[in-house]
Each structure stands twice: as C-alpha cells, then as structure tokens.
Amino acid sequence: MENTSLRDAVKKAALAHCDAAAICGVHANACYHARYLNATDFGLPDGLSYLTRNPDGRFDIDSRYPGAKSLLVCLFSYWDENTDENLLSLTPDEWLASRRARGLKAPPDWLYALAREEGMARVARYAAGQDYHVAVKGALGRIFKSIQAFAPDVEGRSFVDTSPISEKSFAVQCGLGWMGKNTLLINKERGSYFVIGLLALSLPLEPDTALYPDECGECHRCIDACPCGALSPYRLNQSLCLAYWTTQHKGGAPEPEILRALNDRLEGCDLCQQACPYNSGNKAKRNKIF
C-alpha cells in the first residue's frame, strides 16, 4: 500500500471510533512544549508537584515507545445535547452509588459532609459516565485492530492520560484545535467536551501540519466564569481550581474560600467549559465514547 493510501486508511479506521483524528510526528514542536508548560506548571499544590519532574519527558514519545514512527491523535467526545442531564445532579446517596458503579472510592469525609449540607452533588460532564481512561483505551485498541487488518506488521502503543505525555500539545501540533484561554484544547466545530487519545505507530506516516488559528480573540468568558480566579489568559493556577480539589486532592478540606466556591460542584468542575461559546449549542456530529 502506498504511503498516502496507508495514511488515509489509518485515519479512516480511527474515524469509525472517534470524532476527529490526525497524524502527528513523534517529536514535539518546541513552541507547543514551552506554551504547555507555561500554562500548567503554575501554582501547583503539593499533590501535583510530580508534574515538575522531567518536564521534557512529557514530549518524548521515544522514551516511552522507541519504535514509534508516527502518532495517531484522536478526539473522543463525552457529551452532547442529547446526554441525560440527570447524570450530573445527584442526591448524596445517589452520588455514592454512582461512584461505586464507576469503580471509584467513596469521597473524603469533608466532601461527603459538604454534599449532605448542600443536599446535592454535581458531577462534571467528563466524570459522569464510565472511566474515560478505560473507554478510550478500549476504543484505541479497536482502532489498532482495524489498522492491523491492512498493515499486519504494525506495532503500537496507546496513551490515555495515564503517563506524563502531553496529549494536548500533540493534538495542537497536528491541527486538531488550539489551546484556549482556559488551557483546554478547543476545536471550533466540536468545542472542548472530549478527551484525547494517542496511538503511537511503527508506521512512517506523513504528519498533518495545517494548524488551527487561535479563535479565542478578545473573549474572556471562561476566565470570568471561574469562581476562584484560577484562570488568567492561557494559564491555570491549579491550587485554585475546583476540579483539583474535588478529584485530585488527597488531604483534608481546603481553605474556607474554596469550600464556599464549591457549592454543590463536588466532582470536577465544568464552569469554564460551559461559558465557552464553542460549547454553546454545538451541533457537530459526535461519536460519544460513553
């Protein structure tokens, strides 16, 4: 099979299981590297200090899979206008049952006490269904099996937010979106309600190089929507992010101002995404992962 035809076949195989796909080189562009680090390594609480270790490793596919010749980058949607909103707003007991069903531990005592006080627990969209790591890993496995049908000697490895690799930077590099002012990947047609999966392949495929322009412009709705002021343009202070406090923090209750800002948002936070005009009434066809 000619390289161009092989490249097209790989992307077609991916699009049977995801919303958007592109081919990327295995070496990160230095400008995306620097911008990602500037956006995310700011105000890191102790629980995320590991992110400062070996920052170059986030952009080094070779160290994780030396056989990689190209990357298949895929976007998997997890929400659209037809998804049941009832998944998001639960009574405390429903929330505990939902967490058990999703294979999660019970929330820390201070968070459950807040749920009882509020009488309701709001779950972020990305957390409402099954564990996205499992769902995306399964979808990438199916894509790889499809590729093996026409390239039987191919080897590969998947990456789904479980290693230091910066999936977002590679997605920007191959034109699947831009990093918005809320530091999330935004695709003009699809918004930002998706997760990113990478499939490193032993196939030498020509990368996509047409980049998305930054379409945020003068808009600052995401920054205004954050109740703790965690966002400044293209930068996230993670120690003020409600999603960190409710999904990643391992210790006791945060400071009173964080507790007040939480209200019933007790598992992740969607406020900056809900405020984004690219997520408002977005009618793009979606192939939801769950």
# chains A, B, ... in the order shown; residues from 1 in each chain; ligands from 1
>>> select_by_dssp(residues="range 72-126 of chain A", states="helix (DSSP H, G or I)", output="PyMOL selection string")
chain A and resi 85-87+92-101+109-118+125-126
>>> closest_atom_pairs(of="range 64-126 of chain A", to="range 141-151 of chain A", cutoff="12 Å", atoms="only C-alpha atoms", output="Markdown table")
| residue | atom | partner | partner_atom | distance |
| --- | --- | --- | --- | --- |
| A:Leu71 | CA | A:Phe144 | CA | 12.0 |
| A:Leu72 | CA | A:Ile143 | CA | 10.0 |
| A:Val73 | CA | A:Ile143 | CA | 11.4 |
| A:Cys74 | CA | A:Ile143 | CA | 10.1 |
>>> atom_distance(atom1="CA of Ser202 in chain A", atom2="CA of Asp19 in chain A")
23.1 Å
>>> residues_around(residues="range 101-118 of chain A", least_positions_apart="3", cutoff="8 Å", atoms="only C-alpha atoms", output="NGL selection string")
:A and (91-92 or 96-98 or 121 or 129-131 or 246 or 252-253 or 263-264 or 266)
>>> write_last_selection(atoms="C-alpha atoms", output="compact mmCIF listing (two decimals), in the first residue's frame")
# COMPACT_ATOMS: atom_id res chain seq x y z
CA THR A 91 -28.52 13.36 45.88
CA PRO A 92 -25.70 12.41 48.27
CA LEU A 96 -22.20 7.43 46.44
CA ALA A 97 -23.96 4.77 44.34
CA SER A 98 -22.77 6.44 41.13
CA ALA A 121 -23.72 16.71 44.38
CA GLY A 129 -20.01 8.16 32.60
CA GLN A 130 -17.62 5.26 32.83
CA ASP A 131 -13.94 5.92 33.46
CA THR A 246 -12.60 17.51 44.23
CA GLY A 252 -8.22 17.41 54.23
CA ALA A 253 -10.64 20.21 53.48
CA ASN A 263 -21.30 24.85 46.43
CA ASP A 264 -22.61 21.54 45.02
CA LEU A 266 -18.26 18.12 44.26
>>> closest_residue(among="A:Gly268, A:Pro254, A:Gly197, A:Pro164", to="Leu140 in chain A", atoms="only C-alpha atoms")
A:Gly197
>>> closest_residue(among="A:Gln273, A:Ser89, A:Thr4, A:Thr247", to="Ile23 in chain A", atoms="only C-alpha atoms")
A:Thr4
>>> closest_residue(among="A:Pro45, A:Pro277, A:Pro256, A:Gly67", to="Glu189 in chain A", atoms="only C-alpha atoms")
A:Pro277
>>> residues_around(residues="Gly191 in chain A", least_positions_apart="2", cutoff="9 Å", atoms="only C-alpha atoms", output="list of chain:residue names")
A:Leu185, A:Ile186, A:Asn187, A:Lys188, A:Glu189, A:Tyr193, A:Phe194, A:Gln273, A:Cys276, A:Pro277, A:Tyr278, A:Asn279, A:Ser280, A:Asn282, A:Ala284
>>> write_last_selection(atoms="N, CA and C atoms", output="short mmCIF file (atom, residue, chain, number, x, y, z; two decimals), in the first residue's frame")
data_model
loop_
_atom_site.label_atom_id
_atom_site.label_comp_id
_atom_site.auth_asym_id
_atom_site.auth_seq_id
_atom_site.Cartn_x
_atom_site.Cartn_y
_atom_site.Cartn_z
N LEU A 185 -7.92 22.12 25.18
CA LEU A 185 -7.93 22.07 23.72
C LEU A 185 -9.34 22.39 23.23
N ILE A 186 -9.44 23.33 22.29
CA ILE A 186 -10.72 23.71 21.72
C ILE A 186 -10.69 23.45 20.22
N ASN A 187 -11.73 22.79 19.75
CA ASN A 187 -11.92 22.53 18.32
C ASN A 187 -13.14 23.35 17.90
N LYS A 188 -13.00 24.16 16.87
CA LYS A 188 -14.06 25.10 16.51
C LYS A 188 -15.37 24.41 16.20
N GLU A 189 -15.33 23.25 15.57
CA GLU A 189 -16.54 22.53 15.20
C GLU A 189 -17.10 21.71 16.35
N TYR A 193 -15.63 19.39 24.77
CA TYR A 193 -16.10 18.25 25.56
C TYR A 193 -15.60 16.93 24.96
N PHE A 194 -14.30 16.75 24.99
CA PHE A 194 -13.72 15.50 24.51
C PHE A 194 -12.43 15.22 25.25
N GLN A 273 -15.81 25.51 30.77
CA GLN A 273 -16.26 24.94 29.50
C GLN A 273 -17.69 25.35 29.17
N CYS A 276 -17.76 28.71 27.54
CA CYS A 276 -17.10 28.84 26.23
C CYS A 276 -18.13 28.84 25.10
N PRO A 277 -18.12 29.84 24.23
CA PRO A 277 -19.11 29.88 23.14
C PRO A 277 -18.99 28.71 22.17
N TYR A 278 -17.85 28.07 22.11
CA TYR A 278 -17.71 26.93 21.20
C TYR A 278 -18.38 25.68 21.73
N ASN A 279 -18.80 25.69 22.98
CA ASN A 279 -19.59 24.58 23.53
C ASN A 279 -21.07 24.90 23.58
N SER A 280 -21.45 26.10 23.22
CA SER A 280 -22.84 26.53 23.31
C SER A 280 -23.59 26.16 22.04
N ASN A 282 -23.41 23.58 20.26
CA ASN A 282 -22.57 22.97 19.24
C ASN A 282 -23.27 21.75 18.66
N ALA A 284 -22.15 19.82 16.07
CA ALA A 284 -21.31 18.89 15.33
C ALA A 284 -21.65 17.45 15.65
#
>>> select_by_dssp(residues="range 5-211 of chain A", states="strand (DSSP E)", output="PyMOL selection string")
chain A and resi 20-24+70-77+89-90+121-123+156-159+178-179+185-186+194-201
>>> write_last_selection(atoms="N, CA and C atoms", output="short mmCIF file (atom, residue, chain, number, x, y, z; two decimals), in the first residue's frame")
data_model
loop_
_atom_site.label_atom_id
_atom_site.label_comp_id
_atom_site.auth_asym_id
_atom_site.auth_seq_id
_atom_site.Cartn_x
_atom_site.Cartn_y
_atom_site.Cartn_z
N ALA A 20 -12.65 12.97 15.70
CA ALA A 20 -11.67 13.61 14.82
C ALA A 20 -10.34 12.91 15.01
N ALA A 21 -9.54 12.89 13.94
CA ALA A 21 -8.25 12.21 14.02
C ALA A 21 -7.26 12.91 13.09
N ALA A 22 -5.99 12.89 13.48
CA ALA A 22 -4.94 13.46 12.65
C ALA A 22 -3.64 12.72 12.94
N ILE A 23 -2.71 12.85 12.00
CA ILE A 23 -1.40 12.22 12.14
C ILE A 23 -0.40 13.27 12.60
N CYS A 24 0.43 12.90 13.56
CA CYS A 24 1.43 13.82 14.12
C CYS A 24 2.79 13.15 14.11
N SER A 70 5.25 7.43 13.96
CA SER A 70 4.21 8.47 13.82
C SER A 70 3.20 8.30 14.95
N LEU A 71 2.39 9.33 15.16
CA LEU A 71 1.34 9.30 16.17
C LEU A 71 -0.02 9.50 15.51
N LEU A 72 -0.97 8.69 15.89
CA LEU A 72 -2.36 8.91 15.53
C LEU A 72 -3.02 9.57 16.73
N VAL A 73 -3.51 10.79 16.54
CA VAL A 73 -4.11 11.57 17.63
C VAL A 73 -5.62 11.60 17.41
N CYS A 74 -6.38 11.20 18.42
CA CYS A 74 -7.84 11.06 18.29
C CYS A 74 -8.56 11.86 19.36
N LEU A 75 -9.69 12.46 18.98
CA LEU A 75 -10.57 13.15 19.92
C LEU A 75 -11.82 12.31 20.13
N PHE A 76 -12.16 12.08 21.39
CA PHE A 76 -13.32 11.27 21.75
C PHE A 76 -14.30 12.12 22.57
N SER A 77 -15.47 12.38 22.02
CA SER A 77 -16.46 13.19 22.72
C SER A 77 -17.07 12.42 23.88
N SER A 89 -26.55 15.83 38.35
CA SER A 89 -27.05 16.38 39.60
C SER A 89 -27.68 15.26 40.42
N LEU A 90 -27.02 14.89 41.52
CA LEU A 90 -27.41 13.70 42.28
C LEU A 90 -27.58 14.02 43.76
N ALA A 121 -25.10 16.78 44.87
CA ALA A 121 -23.72 16.71 44.38
C ALA A 121 -23.74 16.83 42.87
N ARG A 122 -23.02 17.81 42.35
CA ARG A 122 -22.93 18.00 40.90
C ARG A 122 -21.66 17.36 40.40
N VAL A 123 -21.78 16.55 39.35
CA VAL A 123 -20.67 15.81 38.76
C VAL A 123 -20.31 16.45 37.42
N GLY A 156 2.39 -0.93 18.01
CA GLY A 156 1.93 0.35 18.54
C GLY A 156 1.75 0.33 20.04
N ARG A 157 1.49 1.53 20.56
CA ARG A 157 1.22 1.69 21.98
C ARG A 157 0.27 2.86 22.17
N SER A 158 -0.68 2.72 23.06
CA SER A 158 -1.66 3.79 23.29
C SER A 158 -1.29 4.61 24.52
N PHE A 159 -1.73 5.88 24.51
CA PHE A 159 -1.52 6.80 25.61
C PHE A 159 -2.84 7.51 25.91
N TRP A 178 -6.87 24.37 19.16
CA TRP A 178 -5.90 25.27 19.75
C TRP A 178 -6.06 25.23 21.27
N MET A 179 -5.03 25.62 22.00
CA MET A 179 -5.14 25.68 23.44
C MET A 179 -5.82 26.99 23.81
N LEU A 185 -7.92 22.12 25.18
CA LEU A 185 -7.93 22.07 23.72
C LEU A 185 -9.34 22.39 23.23
N ILE A 186 -9.44 23.33 22.29
CA ILE A 186 -10.72 23.71 21.72
C ILE A 186 -10.69 23.45 20.22
N PHE A 194 -14.30 16.75 24.99
CA PHE A 194 -13.72 15.50 24.51
C PHE A 194 -12.43 15.22 25.25
N VAL A 195 -12.01 13.97 25.19
CA VAL A 195 -10.71 13.58 25.72
C VAL A 195 -9.83 13.17 24.54
N ILE A 196 -8.52 13.20 24.77
CA ILE A 196 -7.55 12.96 23.71
C ILE A 196 -6.87 11.62 23.95
N GLY A 197 -6.77 10.82 22.90
CA GLY A 197 -6.03 9.57 22.96
C GLY A 197 -4.97 9.54 21.88
N LEU A 198 -3.82 8.98 22.20
CA LEU A 198 -2.72 8.84 21.23
C LEU A 198 -2.46 7.37 20.96
N LEU A 199 -2.17 7.08 19.71
CA LEU A 199 -1.74 5.75 19.33
C LEU A 199 -0.42 5.89 18.59
N ALA A 200 0.68 5.52 19.27
CA ALA A 200 2.00 5.56 18.65
C ALA A 200 2.14 4.35 17.75
N LEU A 201 2.52 4.58 16.49
CA LEU A 201 2.57 3.52 15.49
C LEU A 201 3.97 3.36 14.91
#
>>> closest_atom_pairs(of="range 118-186 of chain A", to="range 218-224 of chain A", cutoff="12 Å", atoms="only C-alpha atoms", output="CSV")
residue,atom,partner,partner_atom,distance
A:Gly180,CA,A:Cys222,CA,9.3
A:Lys181,CA,A:Cys222,CA,7.3
A:Asn182,CA,A:Cys222,CA,6.2
A:Thr183,CA,A:Cys222,CA,10.0
A:Leu184,CA,A:Cys222,CA,10.6
>>> write_last_selection(atoms="C-alpha atoms", output="short mmCIF file (atom, residue, chain, number, x, y, z; two decimals), in the first residue's frame")
data_model
loop_
_atom_site.label_atom_id
_atom_site.label_comp_id
_atom_site.auth_asym_id
_atom_site.auth_seq_id
_atom_site.Cartn_x
_atom_site.Cartn_y
_atom_site.Cartn_z
CA GLY A 180 -7.79 28.07 24.71
CA LYS A 181 -7.56 30.70 27.39
CA ASN A 182 -8.85 28.06 29.84
CA THR A 183 -5.80 25.91 28.86
CA LEU A 184 -8.08 23.24 27.32
#
>>> closest_residue(among="A:Leu205, A:Leu240, A:Ala9, A:Ala139", to="Glu255 in chain A", atoms="only C-alpha atoms")
A:Leu240
